[in-house]
$ cat entry08.txt   # compact mmCIF, C-alpha atoms
# COMPACT_ATOMS: atom_id res chain seq x y z
CA MET W 1 -2.46 79.44 8.74
CA VAL W 2 -4.61 77.71 11.36
CA ALA W 3 -6.59 75.98 8.60
CA THR W 4 -3.37 74.71 7.01
CA ILE W 5 -2.15 73.30 10.32
CA ASN W 6 -5.49 71.56 10.91
CA PHE W 7 -5.36 70.07 7.39
CA TRP W 8 -1.94 68.48 7.99
CA VAL W 9 -2.88 67.29 11.47
CA ASN W 10 -5.97 65.57 10.10
CA ALA W 11 -3.95 64.05 7.25
CA ILE W 12 -1.36 62.65 9.66
CA LEU W 13 -4.12 61.24 11.88
CA ARG W 14 -5.77 59.58 8.91
CA CYS W 15 -2.46 58.00 7.85
CA ALA W 16 -1.87 56.77 11.39
CA ILE W 17 -5.33 55.22 11.56
CA VAL W 18 -4.90 53.51 8.17
CA ALA W 19 -1.47 52.17 9.23
CA ALA W 20 -2.94 50.87 12.46
CA LEU W 21 -5.75 49.15 10.59
CA LEU W 22 -3.33 47.56 8.10
CA SER W 23 -1.08 46.38 10.87
CA SER W 24 -3.99 44.94 12.84
CA SER W 25 -5.19 43.03 9.75
CA VAL W 26 -1.74 41.70 8.80
CA MET W 27 -0.63 40.53 12.21
CA PRO W 28 -3.61 38.33 12.99
CA ALA W 29 -3.39 36.76 9.50
CA SER W 30 0.27 36.01 10.08
CA ALA W 31 -0.55 34.57 13.47
CA ARG W 32 -3.30 32.48 11.91
CA ARG W 33 -0.88 31.10 9.34
CA ARG W 34 1.57 30.13 12.08
CA SER W 35 -1.26 28.50 14.03
CA ALA W 36 -2.41 26.58 10.94
CA ALA W 37 1.14 25.40 10.27
CA ALA W 38 1.43 24.22 13.86
CA LYS W 39 -1.81 22.27 13.48
CA GLN W 40 -0.61 20.66 10.26
CA THR W 41 2.50 19.32 11.98
CA PRO W 42 1.36 16.54 14.31
CA SER W 43 3.03 16.14 17.65
CA LYS W 44 5.16 13.13 18.53
CA ALA W 45 2.28 11.76 20.61
CA ASP W 46 -0.16 12.18 17.69
CA VAL W 47 2.18 10.35 15.32
CA GLU W 48 2.64 7.50 17.79
CA ALA W 49 -1.13 7.22 18.27
CA ALA W 50 -1.68 7.03 14.51
CA VAL W 51 1.02 4.40 14.03
CA ARG W 52 -0.38 2.39 16.96
CA LEU W 53 -3.75 2.22 15.18
CA GLN W 54 -2.11 1.39 11.84
CA ILE W 55 -0.11 -1.45 13.40
CA PHE W 56 -3.24 -2.76 15.15
CA LEU W 57 -5.12 -2.89 11.86
CA ASP W 58 -2.16 -4.35 9.96
CA ARG W 59 -1.83 -7.16 12.50
CA ALA W 60 -5.54 -7.92 12.14
CA ASN W 61 -5.16 -8.25 8.33
CA PHE W 62 -7.07 -5.05 7.64
CA SER W 63 -4.22 -3.23 6.02
CA PRO W 64 -3.96 0.58 6.17
CA GLY W 65 -1.32 0.49 3.45
CA LYS W 66 2.12 1.81 4.27
CA LEU W 67 2.65 2.91 7.88
CA ASP W 68 3.27 6.65 7.95
CA GLY W 69 1.82 8.07 11.18
CA HIS W 70 -1.12 9.77 9.45
CA TYR W 71 -4.85 9.05 9.67
CA GLY W 72 -5.14 8.94 5.90
CA ASP W 73 -7.82 7.56 3.64
CA PHE W 74 -6.71 3.92 3.84
CA THR W 75 -6.41 3.98 7.63
CA TRP W 76 -10.04 5.10 7.81
CA LYS W 77 -11.11 2.44 5.28
CA ALA W 78 -9.18 -0.33 7.05
CA LEU W 79 -10.78 0.62 10.36
CA ALA W 80 -14.24 0.63 8.76
CA PHE W 81 -13.71 -2.87 7.36
CA TYR W 82 -12.35 -4.08 10.71
CA ARG W 83 -15.48 -2.84 12.50
CA ILE W 84 -17.73 -4.43 9.86
CA SER W 85 -15.90 -7.74 10.40
CA ARG W 86 -16.92 -7.52 14.07
CA GLY W 87 -20.53 -6.67 13.31
CA GLU W 88 -20.06 -3.06 14.36
CA GLN W 89 -21.21 0.11 12.64
CA PRO W 90 -18.25 1.86 10.95
CA GLN W 91 -17.69 5.56 11.49
CA GLN W 92 -18.26 7.76 8.46
CA PRO W 93 -15.00 9.42 7.38
CA PRO W 94 -14.94 13.22 7.30
CA VAL W 95 -15.24 14.85 3.89
CA GLN W 96 -11.79 16.40 4.07
CA THR W 97 -10.08 13.08 4.76
CA GLY W 98 -7.94 11.98 1.82
CA THR W 99 -4.49 10.60 1.21
CA LYS W 100 -3.10 13.57 3.15
CA GLY W 101 -5.81 13.76 5.77
CA ASN W 102 -4.94 13.51 9.43
CA ILE W 103 -8.18 13.51 11.41
CA ALA W 104 -8.24 10.91 14.16
CA PRO W 105 -11.14 8.43 13.99
CA ASP W 106 -13.07 7.05 16.95
CA VAL W 107 -10.99 4.17 18.34
CA SER W 108 -13.27 3.23 21.23
CA GLY W 109 -13.52 -0.51 21.80
CA LEU W 110 -10.20 -1.28 20.12
CA ASP W 111 -7.52 -3.09 22.11
CA LEU W 112 -4.81 -0.64 21.12
CA ALA W 113 -2.92 -1.45 24.32
CA SER W 114 -1.97 -4.72 22.63
CA VAL W 115 0.38 -2.68 20.43
CA GLU W 116 3.10 -1.96 22.95
CA PRO W 117 5.65 -0.67 22.31
CA VAL W 118 4.73 1.10 19.08
CA PHE W 119 8.35 1.35 17.94
CA VAL W 120 11.09 -1.20 18.56
CA PRO W 121 14.86 -1.17 17.93
CA TYR W 122 16.02 -3.27 15.02
CA THR W 123 19.57 -4.26 14.16
CA VAL W 124 20.23 -4.39 10.42
CA ASN W 125 21.80 -7.68 9.32
CA ASP W 126 23.57 -9.00 6.24
CA ALA W 127 20.40 -10.71 4.97
CA ASP W 128 18.66 -7.33 4.79
CA LEU W 129 21.32 -6.09 2.40
CA GLN W 130 21.57 -9.17 0.16
CA SER W 131 18.66 -8.00 -2.01
CA VAL W 132 20.05 -4.48 -2.47
CA GLY W 133 21.97 -3.53 -5.56
CA PRO W 134 22.22 -1.32 -8.62
CA SER W 135 19.27 -1.43 -10.97
CA PRO W 136 19.29 0.40 -14.31
CA SER W 137 16.34 2.61 -15.19
CA SER W 138 15.84 1.39 -18.76
CA VAL W 139 13.67 -1.67 -19.31
CA SER W 140 16.06 -3.16 -21.86
CA ALA W 141 18.94 -2.98 -19.37
CA GLN W 142 16.80 -4.46 -16.59
CA ALA W 143 15.94 -7.40 -18.84
CA LYS W 144 19.62 -8.32 -18.99
CA LEU W 145 19.81 -8.83 -15.21
CA LYS W 146 19.07 -12.05 -13.36
CA PHE W 147 17.40 -10.27 -10.42
CA LEU W 148 15.76 -6.87 -9.83
CA PRO W 149 16.90 -5.83 -6.33
CA TYR W 150 15.94 -3.00 -4.01
CA HIS W 151 17.59 0.27 -4.99
CA ASP W 152 19.02 0.85 -1.52
CA ALA W 153 18.92 -0.41 2.07
CA ALA W 154 16.35 2.21 3.12
CA GLU W 155 13.89 0.84 0.55
CA ALA W 156 14.49 -2.74 1.71
CA ILE W 157 14.01 -1.91 5.40
CA ALA W 158 10.94 0.21 4.72
CA GLU W 159 9.25 -2.65 2.85
CA LYS W 160 10.25 -5.14 5.53
CA PHE W 161 8.36 -3.10 8.12
CA HIS W 162 5.45 -2.07 5.86
CA SER W 163 6.53 1.55 6.14
CA ASP W 164 6.81 4.73 4.17
CA VAL W 165 10.52 5.26 3.59
CA HIS W 166 10.26 8.99 4.38
CA PHE W 167 8.60 8.15 7.68
CA LEU W 168 11.48 5.84 8.62
CA LYS W 169 13.88 8.66 7.80
CA GLN W 170 11.99 10.91 10.21
CA LEU W 171 12.19 8.22 12.89
CA ASN W 172 15.92 7.80 12.30
CA PRO W 173 17.41 11.19 11.39
CA GLY W 174 20.67 10.90 9.46
CA LYS W 175 20.78 7.09 9.59
CA MET W 176 18.81 5.80 6.60
CA LYS W 177 21.17 7.06 3.89
CA THR W 178 24.18 5.10 5.14
CA ILE W 179 22.67 1.92 6.54
CA LYS W 180 25.05 -0.99 7.00
CA ALA W 181 24.95 -4.32 8.82
CA GLY W 182 25.08 -3.84 12.57
CA ASP W 183 23.33 -0.46 12.57
CA GLN W 184 20.41 -0.14 14.97
CA ILE W 185 17.32 1.80 13.94
CA MET W 186 13.77 2.27 15.25
CA VAL W 187 10.95 0.61 13.30
CA PRO W 188 7.20 0.05 13.77
CA ASN W 189 6.38 -3.02 15.85
CA VAL W 190 4.78 -4.90 12.96
CA GLU W 191 5.23 -8.47 11.68
CA PRO W 192 8.21 -8.15 9.30
CA PHE W 193 7.86 -8.98 5.63
CA GLU W 194 10.68 -11.43 4.90
CA LEU W 195 11.62 -11.46 1.23
CA ALA W 196 13.58 -14.69 1.62
CA SER W 197 10.49 -16.53 2.92
CA VAL W 198 8.39 -15.85 -0.20
CA LYS W 199 9.71 -19.03 -1.82
CA ASP W 200 8.25 -21.11 1.03
CA ILE W 201 4.70 -19.73 0.78
CA LYS W 202 1.95 -22.25 0.07
CA PRO W 203 0.21 -22.43 -2.33
CA GLY W 204 2.35 -21.24 -5.14
CA SER W 205 4.80 -22.34 -7.77
CA ASP W 206 7.94 -21.01 -9.35
CA ILE W 207 7.86 -20.57 -13.09
CA ALA W 208 10.96 -19.28 -14.82
CA PRO W 209 11.92 -17.90 -17.21
CA GLN W 210 8.42 -17.86 -18.77
CA ALA W 211 6.52 -14.72 -17.83
CA ALA W 212 3.76 -15.21 -15.27
CA ASN W 213 1.46 -12.86 -17.19
CA ASP W 214 1.99 -14.89 -20.37
CA VAL W 215 1.09 -18.38 -19.14
CA GLU W 216 -1.97 -20.22 -20.44
CA ASP W 217 -3.88 -21.37 -17.38
CA GLN W 218 -5.23 -24.88 -16.92
CA PRO W 219 -8.97 -25.59 -16.53
CA ASP W 220 -10.33 -25.41 -12.99
CA SER W 221 -12.49 -28.52 -13.26
CA GLN W 222 -9.69 -30.98 -12.55
CA LYS W 223 -8.63 -29.12 -9.43
CA GLY W 224 -12.22 -28.93 -8.23
CA ASN W 225 -12.64 -32.67 -8.70
CA GLU W 226 -9.46 -33.30 -6.71
CA ASP W 227 -10.77 -31.20 -3.81
CA ALA W 228 -14.15 -32.96 -3.87
CA SER W 229 -12.40 -36.34 -3.86
CA LYS W 230 -10.32 -35.37 -0.85
CA GLU W 231 -13.42 -34.30 1.07
CA ALA W 232 -15.18 -37.59 0.21
CA ASN W 233 -12.18 -39.63 1.36
CA THR W 234 -11.75 -37.83 4.66
CA GLY W 235 -15.46 -37.57 5.45
CA GLN W 236 -14.89 -34.03 6.67
CA SER W 237 -17.20 -31.16 5.81
CA ALA W 238 -15.79 -28.56 3.47
CA ALA W 239 -14.39 -25.37 4.95
CA PRO W 240 -16.39 -22.20 4.27
CA PRO W 241 -15.64 -20.99 0.75
CA ILE W 242 -13.19 -18.15 0.26
CA ALA W 243 -14.18 -15.29 -2.02
CA VAL W 244 -12.35 -12.13 -3.08
CA LYS W 245 -14.21 -8.90 -3.83
CA ILE W 246 -12.55 -5.86 -5.37
CA ASP W 247 -14.28 -2.48 -5.34
CA THR W 248 -12.94 -0.26 -8.12
CA LYS W 249 -14.43 2.87 -6.55
CA THR W 250 -12.95 2.50 -3.07
CA ASN W 251 -9.68 0.80 -4.18
CA MET W 252 -10.16 -1.92 -1.57
CA LEU W 253 -9.97 -5.72 -1.81
CA GLU W 254 -12.01 -7.84 0.60
CA VAL W 255 -11.46 -11.48 1.52
CA ARG W 256 -14.50 -13.34 2.83
CA GLU W 257 -14.75 -16.80 4.36
CA GLY W 258 -18.36 -17.67 3.78
CA ASP W 259 -20.25 -14.65 5.08
CA LYS W 260 -17.42 -13.53 7.35
CA LEU W 261 -15.08 -10.71 6.35
CA ILE W 262 -11.58 -11.85 7.33
CA ALA W 263 -9.22 -9.40 5.60
CA ALA W 264 -9.06 -6.23 3.52
CA TYR W 265 -6.21 -4.62 1.59
CA PRO W 266 -5.80 -1.37 -0.37
CA VAL W 267 -5.23 -1.83 -4.10
CA THR W 268 -4.56 0.03 -7.31
CA ILE W 269 -6.89 -0.80 -10.18
CA GLY W 270 -6.77 -0.21 -13.93
CA SER W 271 -7.21 3.15 -15.59
CA ALA W 272 -10.05 4.26 -17.84
CA HIS W 273 -7.70 3.51 -20.75
CA THR W 274 -6.77 0.01 -19.58
CA ALA W 275 -9.57 -0.81 -17.15
CA SER W 276 -9.60 -3.75 -14.79
CA PRO W 277 -12.05 -6.34 -16.15
CA ILE W 278 -15.39 -5.92 -14.38
CA GLY W 279 -17.09 -9.23 -13.75
CA GLU W 280 -16.81 -12.60 -12.04
CA TRP W 281 -13.50 -14.45 -12.32
CA LYS W 282 -11.55 -17.23 -10.63
CA VAL W 283 -8.10 -17.56 -9.10
CA GLY W 284 -5.76 -19.41 -11.42
CA ARG W 285 -2.08 -20.13 -11.08
CA ILE W 286 -0.20 -18.50 -8.18
CA THR W 287 3.41 -17.69 -9.06
CA LYS W 288 6.09 -16.66 -6.58
CA MET W 289 8.92 -14.32 -7.64
CA PRO W 290 7.49 -14.02 -11.16
CA THR W 291 9.16 -13.07 -14.40
CA PHE W 292 7.18 -10.30 -16.14
CA ARG W 293 6.59 -9.82 -19.86
CA TRP W 294 6.95 -6.07 -20.43
CA ASP W 295 5.19 -5.16 -23.66
CA LYS W 296 4.68 -1.41 -24.12
CA GLU W 297 1.92 -1.89 -26.68
CA MET W 298 0.10 -4.30 -24.37
CA LEU W 299 0.47 -2.05 -21.32
CA GLN W 300 -0.69 1.10 -23.07
CA HIS W 301 -3.25 -0.18 -25.54
CA GLY W 302 -4.06 -3.74 -24.50
CA LYS W 303 -2.62 -5.13 -27.73
CA ARG W 304 0.10 -7.75 -27.73
CA SER W 305 3.18 -7.02 -29.85
CA GLY W 306 6.46 -8.70 -30.73
CA ASN W 307 8.49 -5.92 -29.13
CA PHE W 308 8.78 -6.99 -25.48
CA HIS W 309 11.27 -7.62 -22.67
CA LEU W 310 11.26 -10.36 -20.03
CA LEU W 311 12.02 -8.74 -16.69
CA PRO W 312 13.62 -11.02 -14.08
CA PRO W 313 12.25 -11.73 -10.58
CA GLY W 314 12.92 -9.50 -7.61
CA PRO W 315 11.24 -6.97 -5.31
CA ASN W 316 11.62 -4.29 -7.99
CA ASN W 317 9.93 -6.32 -10.69
CA PRO W 318 6.86 -4.33 -11.87
CA VAL W 319 4.55 -7.05 -10.53
CA GLY W 320 6.45 -7.45 -7.28
CA VAL W 321 7.02 -10.79 -5.61
CA MET W 322 3.72 -12.58 -6.37
CA TRP W 323 1.41 -13.04 -9.34
CA ILE W 324 -2.10 -14.42 -8.79
CA ALA W 325 -3.51 -15.13 -12.23
CA LEU W 326 -7.20 -14.73 -13.04
CA ASN W 327 -8.89 -16.84 -15.70
CA LYS W 328 -8.35 -14.03 -18.19
CA LYS W 329 -4.96 -14.16 -19.88
CA GLY W 330 -2.59 -11.35 -18.95
CA ILE W 331 -4.71 -10.15 -16.00
CA GLY W 332 -3.83 -10.89 -12.41
CA ILE W 333 -3.59 -9.68 -8.84
CA HIS W 334 0.03 -8.91 -8.05
CA GLY W 335 2.62 -7.06 -5.99
CA THR W 336 4.45 -3.89 -6.89
CA ASN W 337 7.87 -2.25 -7.05
CA ASP W 338 6.32 1.03 -5.83
CA PRO W 339 4.16 0.79 -2.67
CA ASP W 340 3.61 4.57 -2.85
CA SER W 341 1.45 3.98 -5.92
CA ILE W 342 -1.14 1.83 -4.15
CA GLY W 343 -4.53 3.49 -4.54
CA ARG W 344 -2.97 6.58 -6.02
CA SER W 345 -2.30 5.77 -9.66
CA ALA W 346 -3.85 3.52 -12.27
CA SER W 347 -2.43 0.12 -13.20
CA HIS W 348 -2.50 -1.44 -16.66
CA GLY W 349 -5.67 -3.43 -16.02
CA CYS W 350 -4.40 -5.64 -13.21
CA ILE W 351 -4.98 -5.34 -9.46
CA ARG W 352 -1.88 -4.19 -7.58
CA LEU W 353 -1.08 -4.57 -3.84
CA ALA W 354 1.95 -3.81 -1.71
CA ASN W 355 4.31 -6.80 -1.61
CA TRP W 356 3.65 -7.46 2.08
CA ASP W 357 -0.12 -7.54 1.41
CA ILE W 358 -0.05 -9.68 -1.76
CA VAL W 359 1.91 -12.33 0.12
CA ARG W 360 -0.68 -12.40 2.91
CA LEU W 361 -3.50 -12.59 0.37
CA ALA W 362 -1.83 -15.52 -1.39
CA THR W 363 -1.86 -17.57 1.84
CA LYS W 364 -5.65 -17.15 2.18
CA ILE W 365 -6.78 -18.19 -1.29
CA LYS W 366 -6.41 -21.14 -3.62
CA ARG W 367 -6.93 -22.01 -7.23
CA GLY W 368 -10.59 -21.83 -8.24
CA ASP W 369 -11.67 -19.32 -5.59
CA PRO W 370 -14.05 -16.69 -7.00
CA VAL W 371 -12.89 -13.10 -7.59
CA SER W 372 -15.49 -10.40 -8.14
CA ILE W 373 -14.39 -7.07 -9.63
CA HIS W 374 -17.15 -4.50 -9.42

$ encode --input "entry08.txt" --output "structure tokens"
Amino acid sequence: MVATINFWVNAILRCAIVAALLSSSVMPASARRRSAAAKQTPSKADVEAAVRLQIFLDRANFSPGKLDGHYGDFTWKALAFYRISRGEQPQQPPVQTGTKGNIAPDVSGLDLASVEPVFVPYTVNDADLQSVGPSPSSVSAQAKLKFLPYHDAAEAIAEKFHSDVHFLKQLNPGKMKTIKAGDQIMVPNVEPFELASVKDIKPGSDIAPQAANDVEDQPDSQKGNEDASKEANTGQSAAPPIAVKIDTKTNMLEVREGDKLIAAYPVTIGSAHTASPIGEWKVGRITKMPTFRWDKEMLQHGKRSGNFHLLPPGPNNPVGVMWIALNKKGIGIHGTNDPDSIGRSASHGCIRLANWDIVRLATKIKRGDPVSIH
């Protein structure tokens, strides 16, 4: 009888110990998960600090891509190029930094106080909504339109302020879905991208309805002779040459004035199937608000066919608001209708930038400037 009682007592004690051990192992793991989740959600101050750095770099023409309040891959790259432009040693990015990384870099020596305030109120106006409208999903239906507008006001405002649309929705809870003229929202304190001003950008030309990616370019020699003649007539020394360099491994485009790095922008390059042409090229014709020749066979296999559609100009044209031709037919540096895709998906052989960055690039280059893709 005593032995039986001892057996059950020991069994109960063993069960209690096992339960205690299980509970002690589960609870800390649960607590660790909650702690990890808390760390993954940046505080308001952390988000503001990240956007402050992104705005600083954007203003300096070292674009971090879309502003989203995260220290992602392109923010690190933009900062590295900015430091190189100043003769400083760039900080090596941490291994875990990627498109979703959020590790703050060293910002010592940067005049981040110049970005104040980080967010400013903005009142939506009628002009913001003029380029918003219905846009069919099929290419054949799009080809029947005269203009390819923004899908909605949130998309238009996000592009105007170089921002991720989801980030703007976080800044303005409940407001972005029903935006109308007169509404006031908070936006990053960045130089706005004005769609209406694209037509006034120099250099550039409007070509319609012929597709920008289907235009035979003119030889560069005549233009070069014109520039040389102008220099001879004025007696002034030539400005330092501008050169564009595109790194297909880092997805970054550099602009150099002589030996000086003056700008850098994130890009999307071609895929292994339709690779961007490695080599030395030159800037050809610069077309504003281009018409695009959409040829499925050409886009997928690099072979021209007779089955194509001419897509009209507009911010949701596949090549965005600007086409910078290279001296290789059908290949160019251009904008996009999807800024989320920059650096994160492959193009059809061309070099793709966000619309606000392609416009800034176009103001820094001219016909005949060298473009190196390596």

$ residues_around --input "entry08.txt" --residues "Pro192 (chain W)" --least-positions-apart "3" --cutoff "9 Å" --atoms "only C-alpha atoms" --output "PyMOL selection string"
chain W and resi 159-162+189+356

$ residues_around --input "entry08.txt" --residues "region 149-154 of chain W" --least-positions-apart "5" --cutoff "12 Å" --atoms "all atoms listed in the file" --output "number ranges by chain"
W: 124-137, 142, 159-161, 163-169, 172, 174-181, 183, 185, 187, 195, 289, 311-318, 320-321, 336-338

$ atom_distance --input "entry08.txt" --atom1 "CA of Arg52 (chain W)" --atom2 "CA of Met252 (chain W)"
21.4 Å

$ closest_residue --input "entry08.txt" --among "W:Ile286, W:Ile365, W:Leu353, W:Ile84" --to "Glu257 (chain W)" --atoms "all atoms listed in the file"
W:Ile365

$ residues_around --input "entry08.txt" --residues "Gln92 (chain W)" --least-positions-apart "5" --cutoff "10 Å" --atoms "all atoms listed in the file" --output "list of chain:residue names"
W:Trp76, W:Lys77, W:Ala80, W:Pro105, W:Asp106

$ residues_around --input "entry08.txt" --residues "Ser276 (chain W)" --least-positions-apart "6" --cutoff "6 Å" --atoms "all atoms listed in the file" --output "ChimeraX atom specification"
/W:270,349-350

$ axis_aligned_box --input "entry08.txt" --around "region 151-168 of chain W" --padding-each-side "8 Å" --output "JSON"
{"center_x": 12.2, "center_y": 1.9, "center_z": 1.8, "size_x": 29.6, "size_y": 30.1, "size_z": 29.6}

$ closest_residue --input "entry08.txt" --among "W:Arg83, W:Lys202, W:Lys296, W:Lys44" --to "Ser140 (chain W)" --atoms "only C-alpha atoms"
W:Lys296

$ closest_residue --input "entry08.txt" --among "W:Pro290, W:Pro370, W:Pro266, W:Gly330" --to "Arg352 (chain W)" --atoms "only C-alpha atoms"
W:Pro266

$ atom_distance --input "entry08.txt" --atom1 "CA of Phe308 (chain W)" --atom2 "CA of His334 (chain W)"
19.6 Å

$ closest_residue --input "entry08.txt" --among "W:Val371, W:Val190, W:Ala354, W:Val51" --to "Pro241 (chain W)" --atoms "all atoms listed in the file"
W:Val371

$ residues_around --input "entry08.txt" --residues "Phe74 (chain W)" --least-positions-apart "5" --cutoff "8 Å" --atoms "all atoms listed in the file" --output "count of residues only"
5

$ closest_residue --input "entry08.txt" --among "W:Ser85, W:Asn307, W:Thr363, W:Gln184" --to "Asp259 (chain W)" --atoms "all atoms listed in the file"
W:Ser85
